[in-house]
Amino acid sequence: MLKSIKTIIRFVLYELQEIIEAIIRDWPGRLGIVIRRGYYRCRLKHVGKGVIIKPGVRLIGSRYISIGDYCTIAHNTMIQAGPPTGLKSECLYMENPDYRWGPGEVVLGRYVYLSANCYILGNGGIYIGDYSCCARDTSILSFSNHYRSFKNPSDRSIYFTHGSGPEHECYLSGPVVLETNTGVASHAVILPCVTIHADSFVGIGAVVHKGQYPANAYISGTPGRVMRSRYEEIAPDGNAH
């Protein structure tokens, strides 16, 4: 009986929280920004000074999310954080030595700008460095279901879907690190276990696969490759190269 009462109380509290968050999430105008900032300071791991969270933003796994000073998260962006729990499906976990934060954390540095409709799937861990920007409709995935089994690639009972049962699903996990002043253009996709070093730029629609990408790189294509330097280098003679 006592167990049933506790279950009911937990259910009611959860539903109340969802209702409150739904109201706060879409509150318009400057007052909405102030309310969201105050609310998420109580819910997230860290919220810095001057943070702007615009209407429609959805933050899942709040205690694993940190937002640095003067960040902006634009309309309808979704951030999901927290290490996957109770996962019974096959999963390949890849290590990224550049990631220094906790499992499943999403950490935004200072002055990060996430444009409208960004999708940040951070269950494998994501760090976005200071002064970085993700343009509209970009996706950063540190955790994703995979299209086939790693152990048995010929197994046709592995589906690219959710909810079909753990024996039919396969996942890929690996932290993503975008260092200081990384730009990501619209519709680009960054896949698990990627590090993009400082001052680099990812072109429109690029698909960046696992690996290390050097500083000051312009990355483009599918799969993403370094095409040239982002910024021109100044030679000792004063000429740009």
# chains A, B, ... in the order shown; residues from 1 in each chain; ligands from 1
>>> residues_around(residues="Tyr171 in chain A", least_positions_apart="2", cutoff="7 Å", atoms="only C-alpha atoms", output="list in words")
Glu90, Cys91, Leu92, Ser144, Asn145, His146, Glu169 and Ser173 of chain A
>>> residues_around(residues="Ser142 in chain A", least_positions_apart="3", cutoff="10 Å", atoms="only C-alpha atoms", output="PyMOL selection string")
chain A and resi 81+94+104+106+120-126+139+172-177+190-194
>>> write_last_selection(atoms="C-alpha atoms", output="JSON list (two decimals), in the first residue's frame")
[["chain", "number", "residue", "atom", "x", "y", "z"],
["A", 81, "ALA", "CA", 22.24, 14.94, -21.62],
["A", 94, "MET", "CA", 34.66, 5.02, -28.07],
["A", 104, "GLY", "CA", 26.90, 12.23, -20.46],
["A", 106, "VAL", "CA", 26.87, 18.72, -22.09],
["A", 120, "ILE", "CA", 22.49, 18.36, -29.26],
["A", 121, "LEU", "CA", 22.40, 14.68, -28.28],
["A", 122, "GLY", "CA", 24.89, 14.58, -25.45],
["A", 123, "ASN", "CA", 24.42, 11.20, -23.77],
["A", 124, "GLY", "CA", 27.99, 10.33, -24.75],
["A", 125, "GLY", "CA", 29.36, 13.72, -23.60],
["A", 126, "ILE", "CA", 29.72, 17.02, -25.50],
["A", 139, "SER", "CA", 23.11, 18.28, -35.15],
["A", 172, "LEU", "CA", 27.37, 4.03, -30.88],
["A", 173, "SER", "CA", 28.73, 6.35, -28.17],
["A", 174, "GLY", "CA", 31.72, 8.71, -28.09],
["A", 175, "PRO", "CA", 32.32, 12.22, -26.68],
["A", 176, "VAL", "CA", 32.43, 15.23, -29.00],
["A", 177, "VAL", "CA", 34.71, 18.23, -28.40],
["A", 190, "ILE", "CA", 28.83, 15.91, -36.23],
["A", 191, "LEU", "CA", 28.93, 12.22, -35.28],
["A", 192, "PRO", "CA", 30.29, 10.51, -32.13],
["A", 193, "CYS", "CA", 33.94, 10.69, -31.05],
["A", 194, "VAL", "CA", 34.97, 13.84, -32.92]]
>>> closest_residue(among="A:Tyr99, A:Tyr93, A:Tyr218, A:Phe201", to="Cys170 in chain A", atoms="only C-alpha atoms")
A:Tyr93
>>> residues_around(residues="Ser157 in chain A", least_positions_apart="4", cutoff="10 Å", atoms="only C-alpha atoms", output="count of residues only")
5
>>> select_by_dssp(residues="range 64-168 of chain A", states="strand (DSSP E)", output="number ranges by chain")
A: 65-67, 72-73, 78-80, 90-93, 106-108, 113-114, 119-121, 126-128, 133-134, 139-141, 143-145
>>> select_by_dssp(residues="range 14-234 of chain A", states="alpha helix (DSSP H)", output="short mmCIF file (atom, residue, chain, number, x, y, z; two decimals) with N, CA and C atoms, in the first residue's frame")
data_model
loop_
_atom_site.label_atom_id
_atom_site.label_comp_id
_atom_site.auth_asym_id
_atom_site.auth_seq_id
_atom_site.Cartn_x
_atom_site.Cartn_y
_atom_site.Cartn_z
N TYR A 14 5.95 14.43 -11.02
CA TYR A 14 6.52 14.45 -12.36
C TYR A 14 5.62 15.20 -13.33
N GLU A 15 4.32 14.91 -13.27
CA GLU A 15 3.38 15.58 -14.18
C GLU A 15 3.32 17.08 -13.91
N LEU A 16 3.34 17.46 -12.63
CA LEU A 16 3.33 18.89 -12.29
C LEU A 16 4.57 19.59 -12.82
N GLN A 17 5.72 18.93 -12.68
CA GLN A 17 6.96 19.51 -13.20
C GLN A 17 6.89 19.68 -14.71
N GLU A 18 6.35 18.69 -15.41
CA GLU A 18 6.22 18.79 -16.86
C GLU A 18 5.31 19.94 -17.27
N ILE A 19 4.21 20.13 -16.53
CA ILE A 19 3.28 21.22 -16.83
C ILE A 19 3.95 22.57 -16.60
N ILE A 20 4.64 22.71 -15.45
CA ILE A 20 5.33 23.96 -15.14
C ILE A 20 6.38 24.27 -16.21
N GLU A 21 7.15 23.26 -16.58
CA GLU A 21 8.21 23.48 -17.56
C GLU A 21 7.64 23.82 -18.93
N ALA A 22 6.51 23.21 -19.29
CA ALA A 22 5.88 23.52 -20.58
C ALA A 22 5.44 24.98 -20.64
N ILE A 23 4.93 25.50 -19.51
CA ILE A 23 4.51 26.91 -19.45
C ILE A 23 5.72 27.82 -19.56
N ILE A 24 6.76 27.52 -18.78
CA ILE A 24 7.97 28.34 -18.77
C ILE A 24 8.67 28.29 -20.12
N ARG A 25 8.69 27.12 -20.74
CA ARG A 25 9.41 26.92 -22.00
C ARG A 25 8.94 27.87 -23.09
N GLY A 29 8.71 36.90 -24.84
CA GLY A 29 9.25 38.19 -24.46
C GLY A 29 10.41 38.13 -23.47
N ARG A 30 10.81 39.32 -23.03
CA ARG A 30 11.94 39.43 -22.11
C ARG A 30 11.65 38.78 -20.76
N LEU A 31 10.40 38.88 -20.33
CA LEU A 31 10.04 38.26 -19.06
C LEU A 31 10.26 36.75 -19.12
N GLY A 32 9.94 36.15 -20.26
CA GLY A 32 10.17 34.72 -20.43
C GLY A 32 11.64 34.36 -20.30
N ILE A 33 12.51 35.20 -20.88
CA ILE A 33 13.96 34.95 -20.78
C ILE A 33 14.41 35.00 -19.32
N VAL A 34 13.93 35.99 -18.58
CA VAL A 34 14.30 36.13 -17.17
C VAL A 34 13.79 34.94 -16.36
N ILE A 35 12.54 34.54 -16.61
CA ILE A 35 11.96 33.41 -15.87
C ILE A 35 12.71 32.12 -16.17
N ARG A 36 13.02 31.88 -17.44
CA ARG A 36 13.74 30.65 -17.80
C ARG A 36 15.14 30.63 -17.18
N ARG A 37 15.81 31.78 -17.21
CA ARG A 37 17.15 31.83 -16.62
C ARG A 37 17.10 31.48 -15.13
N GLY A 38 16.14 32.05 -14.41
CA GLY A 38 16.01 31.74 -12.99
C GLY A 38 15.61 30.30 -12.73
N TYR A 39 14.69 29.80 -13.54
CA TYR A 39 14.23 28.42 -13.36
C TYR A 39 15.36 27.43 -13.61
N TYR A 40 16.09 27.61 -14.70
CA TYR A 40 17.14 26.65 -15.04
C TYR A 40 18.37 26.79 -14.15
N ARG A 41 18.55 27.94 -13.49
CA ARG A 41 19.60 28.03 -12.48
C ARG A 41 19.34 27.06 -11.33
N CYS A 42 18.08 26.78 -11.09
CA CYS A 42 17.72 25.83 -10.03
C CYS A 42 17.75 24.38 -10.53
N ARG A 43 17.71 24.19 -11.83
CA ARG A 43 17.55 22.84 -12.39
C ARG A 43 18.83 22.30 -13.02
#
>>> atom_distance(atom1="CA of Lys49 in chain A", atom2="CA of Ile65 in chain A")
15.1 Å
>>> closest_residue(among="A:Leu13, A:Ser89, A:Ile128, A:Asn96", to="Lys151 in chain A", atoms="only C-alpha atoms")
A:Ser89
>>> residues_around(residues="range 180-189 of chain A", least_positions_apart="3", cutoff="6 Å", atoms="only C-alpha atoms", output="PDB file with C-alpha atoms, in the first residue's frame")
ATOM      1  CA  GLY A 129      34.193  25.820 -26.407  1.00  0.00           C
ATOM      2  CA  ASP A 130      34.085  29.586 -25.924  1.00  0.00           C
ATOM      3  CA  TYR A 131      32.917  31.795 -28.811  1.00  0.00           C
ATOM      4  CA  SER A 132      31.646  28.850 -30.832  1.00  0.00           C
ATOM      5  CA  CYS A 133      28.448  28.865 -32.875  1.00  0.00           C
ATOM      6  CA  CYS A 134      26.158  26.214 -34.338  1.00  0.00           C
ATOM      7  CA  ALA A 135      23.986  27.597 -37.112  1.00  0.00           C
ATOM      8  CA  ARG A 136      20.353  26.695 -37.695  1.00  0.00           C
ATOM      9  CA  ASP A 137      19.380  23.000 -37.974  1.00  0.00           C
ATOM     10  CA  THR A 138      22.775  21.566 -37.066  1.00  0.00           C
ATOM     11  CA  SER A 139      23.113  18.281 -35.154  1.00  0.00           C
ATOM     12  CA  ILE A 140      25.829  17.142 -32.756  1.00  0.00           C
ATOM     13  CA  ALA A 198      40.309  25.680 -32.198  1.00  0.00           C
ATOM     14  CA  ASP A 199      39.487  28.260 -34.885  1.00  0.00           C
ATOM     15  CA  SER A 200      37.998  25.715 -37.289  1.00  0.00           C
ATOM     16  CA  PHE A 201      34.820  25.835 -39.373  1.00  0.00           C
ATOM     17  CA  VAL A 202      32.443  23.108 -40.579  1.00  0.00           C
ATOM     18  CA  GLY A 203      30.756  23.903 -43.887  1.00  0.00           C
ATOM     19  CA  ILE A 204      27.060  23.704 -44.803  1.00  0.00           C
ATOM     20  CA  GLY A 205      25.688  20.162 -44.817  1.00  0.00           C
ATOM     21  CA  ALA A 206      28.988  18.487 -43.893  1.00  0.00           C
ATOM     22  CA  VAL A 207      28.908  15.132 -42.105  1.00  0.00           C
TER      23      VAL A 207
END
>>> atom_distance(atom1="CA of Tyr113 in chain A", atom2="CA of Gly82 in chain A")
21.4 Å
>>> residues_around(residues="Val47 in chain A", least_positions_apart="6", cutoff="7 Å", atoms="only C-alpha atoms", output="list in words")
Arg41, Ser66, Ile67 and Gly68 of chain A
